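Below is the file final_34.cif, which contains mmCIF, C-alpha atoms.
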data_structure
#
loop_
_atom_site.group_PDB
_atom_site.id
_atom_site.type_symbol
_atom_site.label_atom_id
_atom_site.label_comp_id
_atom_site.auth_asym_id
_atom_site.auth_seq_id
_atom_site.Cartn_x
_atom_site.Cartn_y
_atom_site.Cartn_z
ATOM 1 C CA MET E 1 0.000 0.000 0.000
ATOM 2 C CA THR E 2 3.012 2.268 0.347
ATOM 3 C CA LEU E 3 3.473 2.203 -3.416
ATOM 4 C CA TRP E 4 -0.230 3.061 -3.863
ATOM 5 C CA ALA E 5 0.025 5.995 -1.433
ATOM 6 C CA ARG E 6 3.181 7.308 -3.120
ATOM 7 C CA ALA E 7 1.806 6.889 -6.626
ATOM 8 C CA ARG E 8 -1.504 8.589 -5.797
ATOM 9 C CA ARG E 9 0.209 11.256 -3.659
ATOM 10 C CA ILE E 10 -2.516 10.580 -1.156
ATOM 11 C CA TRP E 11 -0.956 13.027 1.334
ATOM 12 C CA LEU E 12 -2.569 15.832 -0.698
ATOM 13 C CA LEU E 13 -6.042 14.819 0.478
ATOM 14 C CA PRO E 14 -5.507 15.582 4.198
ATOM 15 C CA VAL E 15 -3.830 18.861 3.200
ATOM 16 C CA ALA E 16 -6.823 19.742 1.005
ATOM 17 C CA LEU E 17 -9.201 18.766 3.818
ATOM 18 C CA PHE E 18 -7.323 21.016 6.255
ATOM 19 C CA ALA E 19 -7.399 23.947 3.770
ATOM 20 C CA TRP E 20 -11.120 23.316 3.164
ATOM 21 C CA THR E 21 -11.844 23.399 6.910
ATOM 22 C CA LEU E 22 -9.764 26.526 7.453
ATOM 23 C CA LEU E 23 -11.415 28.425 4.605
ATOM 24 C CA LEU E 24 -14.882 27.335 5.681
ATOM 25 C CA VAL E 25 -14.213 28.727 9.163
ATOM 26 C CA LEU E 26 -12.738 31.929 7.754
ATOM 27 C CA VAL E 27 -15.524 32.753 5.270
ATOM 28 C CA ARG E 28 -18.432 31.653 7.499
ATOM 29 C CA ASP E 29 -21.488 33.616 6.301
ATOM 30 C CA ASP E 30 -19.549 36.170 4.255
ATOM 31 C CA VAL E 31 -21.149 37.073 0.947
ATOM 32 C CA ALA E 32 -19.916 38.532 -2.312
ATOM 33 C CA LYS E 33 -21.861 40.374 -4.987
ATOM 34 C CA VAL E 34 -22.030 38.234 -8.108
ATOM 35 C CA PRO E 35 -23.401 39.459 -11.455
ATOM 36 C CA GLN E 36 -26.207 37.415 -12.949
ATOM 37 C CA ILE E 37 -26.496 36.429 -16.601
ATOM 38 C CA ALA E 38 -30.037 37.782 -16.620
ATOM 39 C CA ALA E 39 -30.485 41.536 -16.642
ATOM 40 C CA ARG E 40 -31.491 41.618 -12.979
ATOM 41 C CA GLY E 41 -28.286 43.130 -11.624
ATOM 42 C CA THR E 42 -26.230 41.396 -8.937
ATOM 43 C CA PHE E 43 -27.065 39.059 -6.077
ATOM 44 C CA SER E 44 -25.293 38.153 -2.864
ATOM 45 C CA ILE E 45 -23.638 34.723 -2.885
ATOM 46 C CA LYS E 46 -22.156 33.017 0.142
ATOM 47 C CA LEU E 47 -18.414 32.566 -0.351
ATOM 48 C CA MET E 48 -18.625 29.051 1.074
ATOM 49 C CA ASN E 49 -20.166 27.957 -2.250
ATOM 50 C CA PHE E 50 -16.698 28.154 -3.824
ATOM 51 C CA VAL E 51 -15.044 26.015 -1.120
ATOM 52 C CA PRO E 52 -15.898 22.537 -2.558
ATOM 53 C CA LEU E 53 -13.296 23.036 -5.285
ATOM 54 C CA ILE E 54 -10.529 23.053 -2.678
ATOM 55 C CA VAL E 55 -11.145 19.347 -2.040
ATOM 56 C CA CYS E 56 -12.382 18.362 -5.490
ATOM 57 C CA ILE E 57 -9.444 19.468 -7.672
ATOM 58 C CA PRO E 58 -6.682 17.802 -5.561
ATOM 59 C CA THR E 59 -8.803 14.639 -5.411
ATOM 60 C CA MET E 60 -8.998 14.524 -9.203
ATOM 61 C CA TYR E 61 -5.231 14.957 -9.344
ATOM 62 C CA CYS E 62 -4.611 12.140 -6.854
ATOM 63 C CA MET E 63 -6.979 9.729 -8.587
ATOM 64 C CA SER E 64 -5.375 10.466 -11.964
ATOM 65 C CA ARG E 65 -1.924 9.356 -10.817
ATOM 66 C CA ARG E 66 -1.594 5.704 -11.752
ATOM 67 C CA LEU E 67 0.941 2.978 -12.308
ATOM 68 C CA ILE E 68 -1.064 1.097 -14.909
ATOM 69 C CA ALA E 69 1.139 -1.990 -15.256
ATOM 70 C CA THR E 70 1.563 -2.398 -11.507
ATOM 71 C CA GLU E 71 -2.105 -1.818 -10.746
ATOM 72 C CA THR E 72 -3.307 -4.366 -13.305
ATOM 73 C CA THR E 73 -1.117 -7.089 -11.850
ATOM 74 C CA ALA E 74 -1.487 -6.082 -8.204
ATOM 75 C CA ALA E 75 -2.491 -8.729 -5.663
ATOM 76 C CA ARG E 76 -4.724 -6.191 -3.917
ATOM 77 C CA ALA E 77 -7.705 -4.622 -5.642
ATOM 78 C CA VAL E 78 -6.493 -1.056 -6.141
ATOM 79 C CA ALA E 79 -9.957 0.177 -7.186
ATOM 80 C CA VAL E 80 -11.324 -0.970 -3.814
ATOM 81 C CA VAL E 81 -8.585 0.907 -1.961
ATOM 82 C CA ASP E 82 -9.295 4.011 -4.064
ATOM 83 C CA ARG E 83 -12.993 3.806 -3.209
ATOM 84 C CA LEU E 84 -12.236 3.351 0.489
ATOM 85 C CA ALA E 85 -9.975 6.406 0.461
ATOM 86 C CA LEU E 86 -12.672 8.443 -1.308
ATOM 87 C CA LEU E 87 -15.349 7.181 1.067
ATOM 88 C CA LEU E 88 -13.175 8.225 4.014
ATOM 89 C CA LEU E 89 -12.693 11.636 2.409
ATOM 90 C CA GLY E 90 -16.440 12.083 1.803
ATOM 91 C CA VAL E 91 -17.344 11.010 5.346
ATOM 92 C CA SER E 92 -14.641 13.327 6.742
ATOM 93 C CA VAL E 93 -15.938 16.297 4.750
ATOM 94 C CA ALA E 94 -19.560 15.693 5.753
ATOM 95 C CA GLY E 95 -18.574 15.006 9.374
ATOM 96 C CA LEU E 96 -16.379 18.098 9.636
ATOM 97 C CA GLY E 97 -19.126 20.233 8.098
ATOM 98 C CA PHE E 98 -21.648 18.897 10.594
ATOM 99 C CA ALA E 99 -19.227 19.299 13.548
ATOM 100 C CA LEU E 100 -18.381 22.876 12.585
ATOM 101 C CA GLY E 101 -22.073 23.612 12.180
ATOM 102 C CA GLU E 102 -22.875 22.261 15.639
ATOM 103 C CA PHE E 103 -19.915 23.526 17.657
ATOM 104 C CA LEU E 104 -19.370 26.904 15.989
ATOM 105 C CA ASP E 105 -23.048 27.551 15.228
ATOM 106 C CA MET E 106 -22.294 27.720 11.484
ATOM 107 C CA PRO E 107 -25.163 26.388 9.347
ATOM 108 C CA THR E 108 -23.096 27.266 6.279
ATOM 109 C CA ALA E 109 -20.541 24.634 7.325
ATOM 110 C CA VAL E 110 -23.203 21.917 7.108
ATOM 111 C CA ALA E 111 -24.128 23.147 3.620
ATOM 112 C CA GLY E 112 -20.428 23.380 2.757
ATOM 113 C CA GLY E 113 -19.879 19.730 3.675
ATOM 114 C CA ARG E 114 -22.973 18.638 1.763
ATOM 115 C CA ASN E 115 -21.998 20.687 -1.303
ATOM 116 C CA THR E 116 -18.449 19.351 -1.310
ATOM 117 C CA VAL E 117 -19.701 15.767 -1.220
ATOM 118 C CA MET E 118 -22.125 16.562 -4.065
ATOM 119 C CA VAL E 119 -19.517 18.264 -6.273
ATOM 120 C CA LEU E 120 -16.976 15.516 -5.566
ATOM 121 C CA GLY E 121 -19.506 12.886 -6.622
ATOM 122 C CA LEU E 122 -20.159 14.760 -9.869
ATOM 123 C CA ALA E 123 -16.424 15.044 -10.537
ATOM 124 C CA LEU E 124 -15.950 11.301 -9.944
ATOM 125 C CA LEU E 125 -18.811 10.492 -12.323
ATOM 126 C CA VAL E 126 -17.325 12.590 -15.108
ATOM 127 C CA HIS E 127 -13.823 11.319 -14.303
ATOM 128 C CA SER E 128 -14.993 7.750 -14.825
ATOM 129 C CA TRP E 129 -15.861 8.371 -18.461
ATOM 130 C CA TYR E 130 -13.765 11.333 -19.570
ATOM 131 C CA GLY E 131 -10.751 11.486 -17.271
ATOM 132 C CA PRO E 132 -9.517 13.659 -14.405
ATOM 133 C CA ILE E 133 -9.243 16.957 -16.269
ATOM 134 C CA ALA E 134 -12.850 16.691 -17.411
ATOM 135 C CA GLY E 135 -13.884 15.716 -13.865
ATOM 136 C CA GLY E 136 -12.249 18.809 -12.382
ATOM 137 C CA ALA E 137 -13.666 20.994 -15.155
ATOM 138 C CA ALA E 138 -17.183 19.607 -14.656
ATOM 139 C CA ALA E 139 -16.999 20.321 -10.931
ATOM 140 C CA THR E 140 -15.773 23.861 -11.540
ATOM 141 C CA MET E 141 -18.403 24.540 -14.204
ATOM 142 C CA PHE E 142 -21.179 23.151 -12.010
ATOM 143 C CA VAL E 143 -20.177 25.492 -9.175
ATOM 144 C CA MET E 144 -19.836 28.518 -11.462
ATOM 145 C CA VAL E 145 -23.071 27.942 -13.397
ATOM 146 C CA SER E 146 -24.979 27.373 -10.158
ATOM 147 C CA ILE E 147 -23.613 30.585 -8.695
ATOM 148 C CA VAL E 148 -24.055 32.772 -11.769
ATOM 149 C CA THR E 149 -27.482 31.556 -12.916
ATOM 150 C CA GLY E 150 -28.968 29.768 -9.888
ATOM 151 C CA LEU E 151 -30.686 32.571 -8.017
ATOM 152 C CA ALA E 152 -34.192 33.887 -8.594
ATOM 153 C CA GLY E 153 -33.463 36.665 -6.099
ATOM 154 C CA ASP E 154 -31.148 37.416 -3.210
ATOM 155 C CA GLN E 155 -30.528 34.048 -1.469
ATOM 156 C CA ARG E 156 -33.527 32.452 -3.293
ATOM 157 C CA PRO E 157 -32.204 29.585 -5.446
ATOM 158 C CA TYR E 158 -34.104 28.019 -8.315
ATOM 159 C CA PRO E 159 -35.176 24.401 -7.620
ATOM 160 C CA TRP E 160 -32.403 23.046 -9.887
ATOM 161 C CA ALA E 161 -29.652 25.032 -8.108
ATOM 162 C CA VAL E 162 -29.175 22.420 -5.387
ATOM 163 C CA LEU E 163 -25.755 23.802 -4.498
ATOM 164 C CA LEU E 164 -27.288 27.067 -3.265
ATOM 165 C CA MET E 165 -30.012 25.567 -1.052
ATOM 166 C CA GLU E 166 -30.075 26.069 2.707
ATOM 167 C CA SER E 167 -28.237 23.693 5.033
ATOM 168 C CA THR E 168 -31.549 22.187 6.176
ATOM 169 C CA SER E 169 -32.650 21.170 2.652
ATOM 170 C CA VAL E 170 -33.498 17.457 2.533
ATOM 171 C CA VAL E 171 -33.549 17.538 -1.284
ATOM 172 C CA ALA E 172 -29.982 18.848 -1.413
ATOM 173 C CA ALA E 173 -28.835 16.210 1.104
ATOM 174 C CA VAL E 174 -30.404 13.409 -0.940
ATOM 175 C CA VAL E 175 -28.892 14.731 -4.197
ATOM 176 C CA ALA E 176 -25.472 14.934 -2.513
ATOM 177 C CA ALA E 177 -25.736 11.354 -1.217
ATOM 178 C CA VAL E 178 -26.851 10.006 -4.606
ATOM 179 C CA SER E 179 -24.161 11.944 -6.474
ATOM 180 C CA PHE E 180 -21.366 10.753 -4.186
ATOM 181 C CA THR E 181 -22.580 7.146 -4.158
ATOM 182 C CA ALA E 182 -22.817 7.089 -7.958
ATOM 183 C CA GLY E 183 -19.306 8.567 -8.203
ATOM 184 C CA LEU E 184 -17.906 5.862 -5.916
ATOM 185 C CA ILE E 185 -19.661 3.085 -7.827
ATOM 186 C CA THR E 186 -18.353 4.255 -11.200
ATOM 187 C CA MET E 187 -14.757 4.351 -9.934
ATOM 188 C CA SER E 188 -14.296 0.745 -11.096
ATOM 189 C CA TYR E 189 -14.988 1.804 -14.705
ATOM 190 C CA ARG E 190 -12.281 4.446 -14.840
ATOM 191 C CA ARG E 191 -9.571 1.844 -15.402
ATOM 192 C CA GLN E 192 -10.703 1.543 -19.018
ATOM 193 C CA ILE E 193 -9.851 5.118 -19.984
ATOM 194 C CA PRO E 194 -6.397 6.616 -20.508
ATOM 195 C CA GLY E 195 -5.042 9.016 -17.871
#
Can you dump the structure from the file as structure tokens?
Amino acid sequence: MTLWARARRIWLLPVALFAWTLLLVLVRDDVAKVPQIAARGTFSIKLMNFVPLIVCIPTMYCMSRRLIATETTAARAVAVVDRLALLLLGVSVAGLGFALGEFLDMPTAVAGGRNTVMVLGLALLVHSWYGPIAGGAAATMFVMVSIVTGLAGDQRPYPWAVLLMESTSVVAAVVAAVSFTAGLITMSYRRQIPG
């Protein structure tokens, strides 16, 4: 497993998780004015909506690093180890978001954990078919499109803009769980694509 950890550069994931936690605590409920595509002016967006990319992009990088010949002949199922590492990452993100929400009275942290799990699941889905660069790009585009076009008014997201929903939204929690689960399941198919 040492070779797996070195090849994947798995040490980046705890670093990304630490940076994610730190930024989530720093931005809290801070908002930024974001222009809308529609001619309605600008709306306030919580900065924590950008935070999922801090975990997602390094994860795509780590999962793209492979030793193809070694992994195909390995005695251990490398895809299973990858999925376990990703599951641990997803549980850590959701758990940290919930803990920060409870102990620091930060509802945005709960939403931040949920959103990160959702975006990571989407990135893993795209990564399975089109590779790591496309997975990272899909995650980034999903965040940006949701932020730029997802609001009907100040802090009022459209029903499809799940990323912008409140921390108490059951729909957003279910979508995040389904997205992440689907991403984990499709990890076994990524071995068939280059990169």
Hits of the PyMOL selection byres ((chain E and resi 146) around 12) in this structure, as a ChimeraX atom specification: /E:34,36-37,45,49-50,115,119,138-145,147-152,157-165
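A straight line drawn from atom CA of E:Pro107 to atom CA of E:Ser179 is 21.4 Å long.
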For stretch 134-181 of chain E against stretch 86-98 of chain E, with a cut-off of 12 Å and counting only C-alpha atoms, what is the closest atom pair and its distance in Å to one decimal for every residue that makes the cut, ordered by chain and number, as JSON lines?
{"residue": "E:Ser167", "atom": "CA", "partner": "E:Phe98", "partner_atom": "CA", "distance": 9.9}
{"residue": "E:Thr168", "atom": "CA", "partner": "E:Phe98", "partner_atom": "CA", "distance": 11.3}
{"residue": "E:Ala173", "atom": "CA", "partner": "E:Ala94", "partner_atom": "CA", "distance": 10.4}
{"residue": "E:Ala176", "atom": "CA", "partner": "E:Ala94", "partner_atom": "CA", "distance": 10.2}
{"residue": "E:Ala177", "atom": "CA", "partner": "E:Gly90", "partner_atom": "CA", "distance": 9.8}
{"residue": "E:Ser179", "atom": "CA", "partner": "E:Gly90", "partner_atom": "CA", "distance": 11.3}
{"residue": "E:Phe180", "atom": "CA", "partner": "E:Gly90", "partner_atom": "CA", "distance": 7.9}
{"residue": "E:Thr181", "atom": "CA", "partner": "E:Leu87", "partner_atom": "CA", "distance": 8.9}
I need the residue nearest E:Cys62 from this list: E:Gly183, E:Ala85, E:Leu24, E:Asp105. Use only C-alpha atoms for the distance. E:Ala85
Can you pull out the residues contacting stretch 25-32 of chain E? Cut-off 8 Å, using only C-alpha atoms, and skip same-chain residues under 2 positions away; I want them as a list in words. Thr21, Leu22, Leu23, Val34, Ser44, Ile45, Lys46, Leu47, Met48, Leu100, Met106, Thr108 and Ala109 of chain E
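Nearest residue to E:Ile57 among E:Ala16, E:Ser128, E:Val178, E:Ala99 is E:Ala16, counting only C-alpha atoms.
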Find, counting all atoms listed in the file, the residue in E:Thr2, E:Gly113, E:Leu84, E:Val78 that gets nearest to E:Val55. E:Gly113
Can you work out which one of E:Thr59, E:Ala111, E:Val175, E:Glu166 has the shortest atom-to-atom distance to E:Leu124, counting only C-alpha atoms? E:Thr59
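You will find atom CA of E:Val51 at 9.3 Å from atom CA of E:Ala19.
Residues surrounding E:His127 within 10 Å are Met60, Met63, Ser64, Gly121, Leu122, Ala123, Leu124, Leu125, Trp129, Tyr130, Gly131, Pro132, Ile133, Ala134, Gly135, Gly136, Ala137, Ala138, Gly183, Thr186, Met187, Tyr189, Arg190, Ile193 and Gly195 of chain E [all atoms listed in the file; sequence separation below 2 positions excluded].
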Dump of C-alpha atoms for the selected residues, as a compact mmCIF listing (two decimals), in the coordinates of the input:
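As written to disk, result.txt reads:
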# COMPACT_ATOMS: atom_id res chain seq x y z
CA MET E 60 -9.00 14.52 -9.20
CA MET E 63 -6.98 9.73 -8.59
CA SER E 64 -5.38 10.47 -11.96
CA GLY E 121 -19.51 12.89 -6.62
CA LEU E 122 -20.16 14.76 -9.87
CA ALA E 123 -16.42 15.04 -10.54
CA LEU E 124 -15.95 11.30 -9.94
CA LEU E 125 -18.81 10.49 -12.32
CA TRP E 129 -15.86 8.37 -18.46
CA TYR E 130 -13.76 11.33 -19.57
CA GLY E 131 -10.75 11.49 -17.27
CA PRO E 132 -9.52 13.66 -14.40
CA ILE E 133 -9.24 16.96 -16.27
CA ALA E 134 -12.85 16.69 -17.41
CA GLY E 135 -13.88 15.72 -13.86
CA GLY E 136 -12.25 18.81 -12.38
CA ALA E 137 -13.67 20.99 -15.16
CA ALA E 138 -17.18 19.61 -14.66
CA GLY E 183 -19.31 8.57 -8.20
CA THR E 186 -18.35 4.26 -11.20
CA MET E 187 -14.76 4.35 -9.93
CA TYR E 189 -14.99 1.80 -14.70
CA ARG E 190 -12.28 4.45 -14.84
CA ILE E 193 -9.85 5.12 -19.98
CA GLY E 195 -5.04 9.02 -17.87
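Atom CA of E:Arg83 to atom CA of E:Val110 spans 23.2 Å [interatomic distance, one decimal].
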From the options E:Ala77, E:Gly112, E:Glu102, E:Arg6, which residue's atoms come nearest to E:Trp20, counting all atoms listed in the file? E:Gly112
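Among the candidates E:Ala7, E:Arg114, E:Val15, E:Pro58, the residue lying nearest to E:Val170 is E:Arg114 (atoms considered: all atoms listed in the file).
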Work out where the centre of an axis-aligned box around every listed atom of stretch 107-111 of chain E lies and how long its edges are once 4 Å is added on each side; give both in Å to one decimal as AutoDock Vina command-line options.
--center_x -22.9 --center_y 24.6 --center_z 6.5 --size_x 12.6 --size_y 13.3 --size_z 13.7
Please rebuild stretch 113-132 of chain E with N, CA, C and O atoms and give the result as a CSV table (one decimal), in the frame of the given file.
chain,number,residue,atom,x,y,z
E,113,GLY,N,-20.2,21.2,3.7
E,113,GLY,CA,-19.9,19.7,3.7
E,113,GLY,C,-20.8,19.0,2.7
E,113,GLY,O,-20.3,18.2,1.9
E,114,ARG,N,-22.0,19.3,2.7
E,114,ARG,CA,-23.0,18.6,1.8
E,114,ARG,C,-22.6,19.0,0.3
E,114,ARG,O,-22.6,18.1,-0.6
E,115,ASN,N,-22.3,20.3,0.0
E,115,ASN,CA,-22.0,20.7,-1.3
E,115,ASN,C,-20.7,20.1,-1.8
E,115,ASN,O,-20.6,19.7,-3.0
E,116,THR,N,-19.7,19.9,-0.9
E,116,THR,CA,-18.4,19.4,-1.3
E,116,THR,C,-18.6,17.9,-1.7
E,116,THR,O,-18.1,17.4,-2.7
E,117,VAL,N,-19.4,17.2,-0.9
E,117,VAL,CA,-19.7,15.8,-1.2
E,117,VAL,C,-20.4,15.7,-2.6
E,117,VAL,O,-20.1,14.8,-3.4
E,118,MET,N,-21.4,16.6,-2.8
E,118,MET,CA,-22.1,16.6,-4.1
E,118,MET,C,-21.2,16.8,-5.3
E,118,MET,O,-21.2,16.1,-6.3
E,119,VAL,N,-20.4,17.9,-5.2
E,119,VAL,CA,-19.5,18.3,-6.3
E,119,VAL,C,-18.5,17.2,-6.5
E,119,VAL,O,-18.1,16.9,-7.6
E,120,LEU,N,-18.0,16.6,-5.4
E,120,LEU,CA,-17.0,15.5,-5.6
E,120,LEU,C,-17.6,14.3,-6.3
E,120,LEU,O,-17.0,13.7,-7.1
E,121,GLY,N,-18.8,14.0,-5.9
E,121,GLY,CA,-19.5,12.9,-6.6
E,121,GLY,C,-19.7,13.2,-8.1
E,121,GLY,O,-19.4,12.3,-8.9
E,122,LEU,N,-20.0,14.4,-8.5
E,122,LEU,CA,-20.2,14.8,-9.9
E,122,LEU,C,-18.8,14.6,-10.6
E,122,LEU,O,-18.7,14.1,-11.7
E,123,ALA,N,-17.8,15.1,-9.9
E,123,ALA,CA,-16.4,15.0,-10.5
E,123,ALA,C,-16.0,13.6,-10.7
E,123,ALA,O,-15.4,13.3,-11.8
E,124,LEU,N,-16.3,12.7,-9.8
E,124,LEU,CA,-16.0,11.3,-9.9
E,124,LEU,C,-16.7,10.6,-11.1
E,124,LEU,O,-16.2,9.8,-11.8
E,125,LEU,N,-18.0,11.0,-11.2
E,125,LEU,CA,-18.8,10.5,-12.3
E,125,LEU,C,-18.2,10.9,-13.7
E,125,LEU,O,-18.0,10.0,-14.6
E,126,VAL,N,-17.9,12.1,-13.8
E,126,VAL,CA,-17.3,12.6,-15.1
E,126,VAL,C,-15.9,12.0,-15.3
E,126,VAL,O,-15.6,11.6,-16.4
E,127,HIS,N,-15.2,11.9,-14.2
E,127,HIS,CA,-13.8,11.3,-14.3
E,127,HIS,C,-13.9,9.9,-14.8
E,127,HIS,O,-13.0,9.4,-15.5
E,128,SER,N,-14.9,9.1,-14.4
E,128,SER,CA,-15.0,7.8,-14.8
E,128,SER,C,-15.1,7.6,-16.3
E,128,SER,O,-14.6,6.6,-16.9
E,129,TRP,N,-15.7,8.5,-17.0
E,129,TRP,CA,-15.9,8.4,-18.5
E,129,TRP,C,-14.9,9.2,-19.3
E,129,TRP,O,-14.5,8.9,-20.4
E,130,TYR,N,-14.5,10.4,-18.7
E,130,TYR,CA,-13.8,11.3,-19.6
E,130,TYR,C,-12.4,11.7,-19.0
E,130,TYR,O,-11.7,12.5,-19.6
E,131,GLY,N,-12.1,11.2,-17.8
E,131,GLY,CA,-10.8,11.5,-17.3
E,131,GLY,C,-10.8,12.6,-16.2
E,131,GLY,O,-11.8,13.3,-16.0
E,132,PRO,N,-9.6,12.7,-15.5
E,132,PRO,CA,-9.5,13.7,-14.4
E,132,PRO,C,-9.7,15.1,-14.7
E,132,PRO,O,-10.2,15.9,-14.0
